[in-house]
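Text of the file input-v1.cif, holding mmCIF, C-alpha atoms:
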data_query
loop_
_atom_site.group_PDB
_atom_site.id
_atom_site.type_symbol
_atom_site.label_atom_id
_atom_site.label_comp_id
_atom_site.auth_asym_id
_atom_site.auth_seq_id
_atom_site.Cartn_x
_atom_site.Cartn_y
_atom_site.Cartn_z
ATOM 1 C CA MET A 273 44.314 259.729 -56.446
ATOM 2 C CA ASP A 274 45.709 261.980 -53.746
ATOM 3 C CA ILE A 275 44.270 261.630 -50.233
ATOM 4 C CA HIS A 276 43.472 265.354 -50.118
ATOM 5 C CA ALA A 277 41.611 265.251 -53.432
ATOM 6 C CA ARG A 278 39.716 262.153 -52.345
ATOM 7 C CA THR A 279 38.615 263.654 -49.029
ATOM 8 C CA ASP A 280 37.581 266.850 -50.842
ATOM 9 C CA ARG A 281 35.370 264.748 -53.112
ATOM 10 C CA LEU A 282 33.886 262.950 -50.094
ATOM 11 C CA SER A 283 33.367 266.304 -48.422
ATOM 12 C CA ARG A 284 31.398 267.557 -51.441
ATOM 13 C CA LEU A 285 29.319 264.369 -51.453
ATOM 14 C CA LEU A 286 28.526 264.780 -47.756
ATOM 15 C CA GLU A 287 27.333 268.294 -48.478
ATOM 16 C CA GLU A 288 25.277 267.327 -51.547
ATOM 17 C CA ARG A 289 23.699 264.117 -50.288
ATOM 18 C CA LEU A 290 23.284 264.756 -46.550
ATOM 19 C CA ASP A 291 23.107 268.586 -46.511
ATOM 20 C CA ILE A 292 26.000 268.821 -44.069
ATOM 21 C CA ARG A 293 27.892 272.080 -43.978
ATOM 22 C CA GLY A 294 31.335 272.629 -42.558
ATOM 23 C CA ALA A 295 34.862 273.784 -43.200
ATOM 24 C CA GLY A 296 36.430 270.475 -44.161
ATOM 25 C CA PHE A 297 36.076 266.715 -44.295
ATOM 26 C CA GLU A 298 36.721 266.223 -40.590
ATOM 27 C CA THR A 299 34.061 268.736 -39.565
ATOM 28 C CA LYS A 300 31.491 267.368 -41.992
ATOM 29 C CA LEU A 301 32.148 263.786 -40.943
ATOM 30 C CA ARG A 302 31.730 264.730 -37.290
ATOM 31 C CA ARG A 303 28.468 266.548 -38.064
ATOM 32 C CA ALA A 304 27.180 263.587 -40.080
ATOM 33 C CA GLY A 305 27.070 261.583 -36.864
ATOM 34 C CA ARG A 306 24.407 258.908 -37.003
ATOM 35 C CA LEU A 307 23.454 259.705 -40.565
ATOM 36 C CA LEU A 308 26.321 257.403 -41.514
ATOM 37 C CA PRO A 309 26.568 253.790 -40.366
ATOM 38 C CA ARG A 310 29.106 252.994 -37.660
ATOM 39 C CA HIS A 311 31.507 251.150 -39.954
ATOM 40 C CA LEU A 312 31.605 254.140 -42.307
ATOM 41 C CA ARG A 313 32.302 256.506 -39.426
ATOM 42 C CA ARG A 314 35.274 254.271 -38.561
ATOM 43 C CA GLU A 315 36.444 254.387 -42.169
ATOM 44 C CA GLY A 316 36.146 258.168 -42.055
ATOM 45 C CA ALA A 317 38.263 258.264 -38.895
ATOM 46 C CA THR A 318 40.895 256.256 -40.772
ATOM 47 C CA LEU A 319 40.872 258.846 -43.552
ATOM 48 C CA ILE A 320 41.152 261.716 -41.076
ATOM 49 C CA GLU A 321 44.126 260.062 -39.389
ATOM 50 C CA ALA A 322 45.749 259.552 -42.804
ATOM 51 C CA LEU A 323 45.228 263.235 -43.604
ATOM 52 C CA LYS A 324 47.098 264.172 -40.454
ATOM 53 C CA LEU A 325 49.925 261.749 -41.241
ATOM 54 C CA ALA A 326 50.123 262.790 -44.895
ATOM 55 C CA SER A 327 50.978 266.350 -43.953
ATOM 56 C CA HIS A 328 54.182 265.158 -42.277
ATOM 57 C CA PRO A 329 57.025 264.240 -44.678
ATOM 58 C CA ARG A 330 58.282 261.123 -42.878
ATOM 59 C CA LEU A 331 55.062 259.917 -41.326
ATOM 60 C CA GLY A 332 53.286 260.234 -44.649
ATOM 61 C CA ARG A 333 55.096 257.128 -45.853
ATOM 62 C CA GLN A 334 53.386 255.029 -43.182
ATOM 63 C CA VAL A 335 49.976 255.537 -44.737
ATOM 64 C CA ASP A 336 48.489 252.348 -46.197
ATOM 65 C CA ALA A 337 47.211 253.404 -49.632
ATOM 66 C CA LYS A 338 45.130 250.263 -50.202
ATOM 67 C CA ARG A 339 43.371 250.646 -46.852
ATOM 68 C CA LEU A 340 42.623 254.302 -47.564
ATOM 69 C CA GLU A 341 41.325 253.496 -51.038
ATOM 70 C CA LYS A 342 39.028 250.844 -49.563
ATOM 71 C CA ALA A 343 37.757 253.258 -46.898
ATOM 72 C CA ALA A 344 37.170 256.068 -49.391
ATOM 73 C CA ASN A 345 35.408 253.717 -51.817
ATOM 74 C CA ALA A 346 33.099 252.434 -49.075
ATOM 75 C CA ILE A 347 32.061 255.934 -48.012
ATOM 76 C CA GLU A 348 31.718 257.139 -51.589
ATOM 77 C CA SER A 349 29.567 254.212 -52.693
ATOM 78 C CA HIS A 350 27.274 254.694 -49.677
ATOM 79 C CA LEU A 351 26.887 258.407 -50.371
ATOM 80 C CA LEU A 352 26.284 257.887 -54.091
ATOM 81 C CA ASN A 353 23.501 255.400 -53.329
ATOM 82 C CA LEU A 354 21.666 257.906 -51.127
ATOM 83 C CA ASP A 355 18.823 259.845 -52.668
ATOM 84 C CA ALA A 356 18.613 263.327 -51.192
ATOM 85 C CA TRP A 357 15.034 263.856 -52.403
ATOM 86 C CA ASP A 358 13.859 260.580 -50.882
ATOM 87 C CA ARG A 359 15.565 261.460 -47.597
ATOM 88 C CA ARG A 360 13.882 264.878 -47.471
ATOM 89 C CA ARG A 361 10.520 263.351 -48.358
ATOM 90 C CA GLY A 362 10.921 260.820 -45.541
ATOM 91 C CA ILE A 363 11.661 263.590 -43.070
ATOM 92 C CA ALA A 364 8.577 265.528 -44.225
ATOM 93 C CA VAL A 365 6.364 262.445 -43.909
ATOM 94 C CA ASN A 366 7.671 261.726 -40.405
ATOM 95 C CA VAL A 367 7.114 265.298 -39.230
ATOM 96 C CA SER A 368 3.608 265.501 -40.697
ATOM 97 C CA ALA A 369 2.663 262.108 -39.218
ATOM 98 C CA SER A 370 3.846 263.289 -35.815
ATOM 99 C CA VAL A 371 1.831 266.510 -36.075
ATOM 100 C CA PHE A 372 -1.335 264.672 -37.166
ATOM 101 C CA PHE A 373 -0.952 262.133 -34.376
ATOM 102 C CA ASN A 374 -0.613 264.908 -31.800
ATOM 103 C CA LEU A 375 -3.672 266.672 -33.234
ATOM 104 C CA PHE A 376 -5.634 263.417 -33.036
ATOM 105 C CA ILE A 377 -4.655 262.958 -29.376
ATOM 106 C CA ILE A 378 -5.653 266.542 -28.548
ATOM 107 C CA ALA A 379 -8.997 266.146 -30.353
ATOM 108 C CA ALA A 380 -9.663 262.892 -28.473
ATOM 109 C CA LEU A 381 -8.852 264.569 -25.149
ATOM 110 C CA VAL A 382 -11.121 267.531 -25.919
ATOM 111 C CA ALA A 383 -13.953 265.194 -26.940
ATOM 112 C CA GLY A 384 -13.404 263.170 -23.773
ATOM 113 C CA VAL A 385 -13.572 266.277 -21.600
ATOM 114 C CA ILE A 386 -16.748 267.471 -23.338
ATOM 115 C CA ILE A 387 -18.441 264.068 -22.907
ATOM 116 C CA TRP A 388 -17.277 263.833 -19.278
ATOM 117 C CA ARG A 389 -18.617 267.305 -18.452
ATOM 118 C CA LYS A 390 -22.034 266.471 -19.953
ATOM 119 C CA LEU A 391 -22.234 263.314 -17.840
ATOM 120 C CA VAL A 392 -21.332 265.025 -14.587
#
Would you mind giving the structure from this file in structure tokens?
Amino acid sequence: MDIHARTDRLSRLLEERLDIRGAGFETKLRRAGRLLPRHLRREGATLIEALKLASHPRLGRQVDAKRLEKAANAIESHLLNLDAWDRRRGIAVNVSASVFFNLFIIAALVAGVIIWRKLV
């Protein structure tokens, strides 16, 4: 498979699975940031470097196809194993837990102030 076709596929997967928008693979990978593990970000950097080399006629021959295939397979398998619905549900649970915790703290402070004012 061509490096450009492979990075386009990875770009679509980044958009579908992680909801990352952008113009191309490089932009989407940069925006993914910590949503991807460190070793996959390194693999993505390898693919980006290969894209730059592939556009040049002589330097394109220096690209290691096996290394690129391994990097693309690693990123693709990680993205295919992600569940977008589960990720969104986790975010919703975390946000609601944070809101309820803050409301609990505020209610405890208000109750404390009311009790303190009745004692004084």
| task | Go through A:Leu331, A:Leu391, A:Ala380, A:Leu351 and flag the residue nearest A:Arg284, using all atoms listed in the file for the distances. | result | A:Leu351
With 5 Å on each side, where is the centre of the axis-aligned box around all listed atoms of stretch 280-287 of chain A, and how long are its edges in Å to one decimal, as JSON?
{"center_x": 32.5, "center_y": 265.6, "center_z": -50.4, "size_x": 20.2, "size_y": 15.3, "size_z": 15.4}
| So which residues touch A:Ala317 within 12 Å, counting only C-alpha atoms, skipping near sequence neighbours fewer than 3 positions away, as a PyMOL selection string? | chain A and resi 279+297-302+305+310-314+320-324+340+343-344+347
| message | Quick one: residues within 9 Å of A:Leu307, only C-alpha atoms, excluding same-chain residues fewer than 3 positions away - as a list in words? | response | Leu290, Arg303 and Ala304 of chain A
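If you measure from each of A:Leu319, A:Asn374, A:Asn366, A:Arg281 to A:Lys338 using all atoms listed in the file, the closest one turns out to be A:Leu319.
Proximity ranking of A:Ser370, A:Pro309, A:Leu352, A:Thr318 relative to A:Leu286 places A:Leu352 first, based on only C-alpha atoms.
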| message | Which residue is closest to A:Ala277? Choose from A:Val365, A:Glu341, A:Phe376, A:Glu315 and count all atoms listed in the file. | response |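 That would be A:Glu341, the residue with the smallest distance to A:Ala277.
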| What separation in Å, quoted to one decimal, exists between atom CA of A:Arg333 and atom CA of A:His276? |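 Computed distance, atom CA of A:Arg333 to atom CA of A:His276, equals 14.9 Å.
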| task | Excluding stretch 354-357 of chain A and any residue of its chain fewer than 4 positions from it, enumerate the residues within 8 Å of it, using only C-alpha atoms, and give them as a VMD selection string. | result | chain A and resid 288 to 290 350 361
| Can you tell me how far atom CA of A:Arg359 sits from atom CA of A:Glu287, in Å to one decimal? |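 Rounded to one decimal, the two atoms are 13.6 Å apart.
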| field | Pick from A:Ile275, A:Ile378, A:Leu285, A:Ile386, whichever lies nearest to A:Asn353 using only C-alpha atoms | value |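 Using only C-alpha atoms, A:Asn353 sits closest to A:Leu285.
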Fix up stretch 329-346 of chain A with N, CA, C and O atoms, then write it as a compact mmCIF listing (two decimals), in the frame of the given file.
# COMPACT_ATOMS: atom_id res chain seq x y z
N PRO A 329 56.24 264.88 -43.62
CA PRO A 329 57.02 264.24 -44.68
C PRO A 329 57.42 262.79 -44.39
O PRO A 329 57.33 261.94 -45.27
N ARG A 330 57.84 262.49 -43.18
CA ARG A 330 58.28 261.12 -42.88
C ARG A 330 57.12 260.21 -42.49
O ARG A 330 57.11 259.04 -42.86
N LEU A 331 56.19 260.74 -41.75
CA LEU A 331 55.06 259.92 -41.33
C LEU A 331 54.10 259.62 -42.47
O LEU A 331 53.36 258.66 -42.43
N GLY A 332 54.16 260.44 -43.50
CA GLY A 332 53.29 260.23 -44.65
C GLY A 332 53.56 258.93 -45.37
O GLY A 332 52.69 258.37 -46.03
N ARG A 333 54.75 258.39 -45.21
CA ARG A 333 55.10 257.13 -45.85
C ARG A 333 54.46 255.94 -45.15
O ARG A 333 54.41 254.84 -45.69
N GLN A 334 53.99 256.12 -43.94
CA GLN A 334 53.39 255.03 -43.18
C GLN A 334 51.93 254.78 -43.56
O GLN A 334 51.33 253.81 -43.13
N VAL A 335 51.38 255.64 -44.36
CA VAL A 335 49.98 255.54 -44.74
C VAL A 335 49.79 254.35 -45.69
O VAL A 335 50.50 254.21 -46.68
N ASP A 336 48.81 253.51 -45.38
CA ASP A 336 48.49 252.35 -46.20
C ASP A 336 47.51 252.78 -47.30
O ASP A 336 46.33 253.03 -47.04
N ALA A 337 48.01 252.88 -48.52
CA ALA A 337 47.21 253.40 -49.63
C ALA A 337 46.03 252.49 -49.95
O ALA A 337 44.93 252.98 -50.26
N LYS A 338 46.22 251.18 -49.88
CA LYS A 338 45.13 250.26 -50.20
C LYS A 338 44.01 250.38 -49.18
O LYS A 338 42.83 250.36 -49.52
N ARG A 339 44.37 250.51 -47.92
CA ARG A 339 43.37 250.65 -46.85
C ARG A 339 42.58 251.94 -47.02
O ARG A 339 41.37 251.98 -46.85
N LEU A 340 43.29 253.01 -47.37
CA LEU A 340 42.62 254.30 -47.56
C LEU A 340 41.71 254.27 -48.78
O LEU A 340 40.61 254.84 -48.75
N GLU A 341 42.15 253.61 -49.84
CA GLU A 341 41.32 253.50 -51.04
C GLU A 341 40.05 252.71 -50.73
O GLU A 341 38.95 253.08 -51.16
N LYS A 342 40.19 251.65 -49.95
CA LYS A 342 39.03 250.84 -49.56
C LYS A 342 38.06 251.67 -48.72
O LYS A 342 36.85 251.63 -48.93
N ALA A 343 38.60 252.43 -47.77
CA ALA A 343 37.76 253.26 -46.90
C ALA A 343 37.04 254.33 -47.71
O ALA A 343 35.83 254.55 -47.55
N ALA A 344 37.77 255.00 -48.58
CA ALA A 344 37.17 256.07 -49.39
C ALA A 344 36.12 255.50 -50.34
O ALA A 344 35.05 256.11 -50.53
N ASN A 345 36.39 254.34 -50.92
CA ASN A 345 35.41 253.72 -51.82
C ASN A 345 34.14 253.33 -51.08
O ASN A 345 33.03 253.47 -51.61
N ALA A 346 34.28 252.83 -49.85
CA ALA A 346 33.10 252.43 -49.08
C ALA A 346 32.22 253.64 -48.77
O ALA A 346 30.99 253.58 -48.93
